[in-house]
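Below is one structure, written out as structure tokens; comments come after it.
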Amino acid sequence: MTPEQMAKEMSDFLSRGPAVQATKAAAGTKKHDLSKWKYAELRDTINTSCDIELLAACREEFHRRLKVYHAWKSKNKKRNTETEQRAPKSVTDYAQQNPAAQLPARQQEIEMNRQQRFFRIPFIRPADQYKDPQNKKKGWWYAHFDGPWIARQMELHPDKPPILLVAGKDDMEMCELNLEETGLTRKRGAEILPRQFEEIWERCGGIQYLQNAIESRQARPTYATAMLQNLLK
């Protein structure tokens with residue numbers, strides 16, 4: 001066998017190696033139409049992948065499907081039933097009036113480098129608006145955004161237990177909009193310090209709630225889950 005033939009055979013052998021095949025598969029995945037992926041594939045990729053671009057694309061596709069689902073559910077909801085609201089009306093109104101975000105969510109995620117931001121704005125449940133015209137039952141809506149997507153959400157209403165929500169376990173009840181779409185960064189006084197969020201979160205039992213979600217493998221990996229797991233080591 002000539003040196004050239006040996007080199008070609010070795011090259012062919014290496015090209016069939018698992019590491020090379022995995023790299024090729026990952027490169028091919030980026031070109032996939034994620035709209036054809038099953039929910040389980042998106043979930044597993046979000047939970048396990050280290051590919052930043054692929055993760056961002058999967059998160060964007062996942063939330064796109066949430067928006068489609070909620071739009072369908074809202075359209076087909078029977079009349080005279082209480083309107084479900086996953087975020088304050090000012091947030092959803094802004095998204096409807098400004099449908100085009102400045103950057104695609106996946107580009108936001110990469111450029112923002114998963115920046116952590118926290119917000120608090122007034123929130124009155126639709127069911128309470130007509131019963132309480134003087135807004136005595138005004139509550140508060142808290143949100144922790146891990147990059148462009150929400151990671152934790154809280155609702156505090158007078159005379160009601162706090163509502164705690166975490167990404168993964170409670171996706172169907174959480175705000176499905178990306179941070180740019182919510183307009184929260186433009187709302188004066190809405191952004192709060194991390195410690196202001198964490199103090200309320202801890203006081204309302206958020207640490208135990210998130211820990212339970214992690215242990216039951218219902219929580220999606222976020223900055224919050226990583227910080228709690230490090231804390232409990």
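Each chain in the structure tokens gets a letter, A, B, ..., in the order shown, and its residues are numbered from 1; ligands are numbered from 1 in order too.
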
Residues within 7 Å of Asp146 in chain A, only C-alpha atoms, excluding chain neighbours under 3 positions, as an mmCIF file with C-alpha atoms, in the first residue's frame:
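Saved to part_39.cif:
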```cif
data_model
loop_
_atom_site.group_PDB
_atom_site.id
_atom_site.type_symbol
_atom_site.label_atom_id
_atom_site.label_comp_id
_atom_site.auth_asym_id
_atom_site.auth_seq_id
_atom_site.Cartn_x
_atom_site.Cartn_y
_atom_site.Cartn_z
ATOM 1 C CA ARG A 114 -27.778 35.647 29.427
ATOM 2 C CA GLN A 115 -28.005 38.908 31.357
ATOM 3 C CA GLN A 116 -30.142 38.647 34.513
ATOM 4 C CA ARG A 117 -32.828 41.317 34.931
ATOM 5 C CA TRP A 149 -36.760 34.555 28.474
ATOM 6 C CA ILE A 150 -38.519 34.481 31.818
ATOM 7 C CA ALA A 151 -37.060 32.103 34.410
ATOM 8 C CA THR A 222 -31.747 28.492 34.127
ATOM 9 C CA TYR A 223 -29.504 30.877 36.012
#
```

So that I can check the surroundings of Leu210 in chain A, please list as a PyMOL selection string every protein, DNA and RNA residue that reaches within 9 Å of it, counting only C-alpha atoms and ignoring chain neighbours fewer than 6 positions away.
chain A and resi 164-166+219+224-225+228

I need the residues from that last selection saved to file as a short mmCIF file (atom, residue, chain, number, x, y, z; two decimals), in the first residue's frame (with C-alpha atoms), if you can.
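Dumped to selection_27.cif:
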```cif
data_model
loop_
_atom_site.label_atom_id
_atom_site.label_comp_id
_atom_site.auth_asym_id
_atom_site.auth_seq_id
_atom_site.Cartn_x
_atom_site.Cartn_y
_atom_site.Cartn_z
CA LEU A 164 -44.80 31.14 42.36
CA LEU A 165 -43.87 29.93 38.89
CA VAL A 166 -40.64 28.54 37.42
CA ALA A 219 -37.49 22.80 36.26
CA ALA A 224 -31.83 30.45 39.01
CA THR A 225 -31.54 26.65 39.07
CA LEU A 228 -29.66 27.28 43.88
#
```

Given the choices A:Arg43, A:Arg64, A:Lys233, A:Lys36, which gets closest to Lys169 in chain A if the distance is worked out from only C-alpha atoms?
A:Arg43

Would you list the contacts of range 171-178 of chain A as an NGL selection string, taking every protein, DNA or RNA residue within 9 Å and counting only C-alpha atoms, but skipping same-chain residues closer than 2 positions in sequence?
:A and (60 or 63-64 or 66-67 or 70 or 84-87 or 91-92 or 95 or 101 or 105 or 143 or 145 or 147-150 or 152-153 or 165-169 or 180-182)

Report as CSV the residues of range 147-171 of chain A within 9 Å of range 118-127 of chain A, each with its shortest atom pair and distance in Å (one decimal), using only C-alpha atoms, ordered by chain and increasing residue number.
```
residue,atom,partner,partner_atom,distance
A:Glu155,CA,A:Phe123,CA,7.9
A:Leu156,CA,A:Phe123,CA,8.5
A:His157,CA,A:Ile124,CA,8.1
```

What's around Leu42 in chain A at 8 Å? Count only C-alpha atoms, leave out sequence neighbours fewer than 5 positions away in its own chain, and write the answer as a PyMOL selection string.
chain A and resi 37+58-59+62

For the residues in that selection, give me C-alpha atoms as a CSV table (one decimal), in the first residue's frame.
```csv
chain,number,residue,atom,x,y,z
A,37,TRP,CA,-39.0,19.0,16.0
A,58,CYS,CA,-34.6,25.9,20.7
A,59,ARG,CA,-35.7,28.3,23.3
A,62,PHE,CA,-40.3,26.6,22.3
```
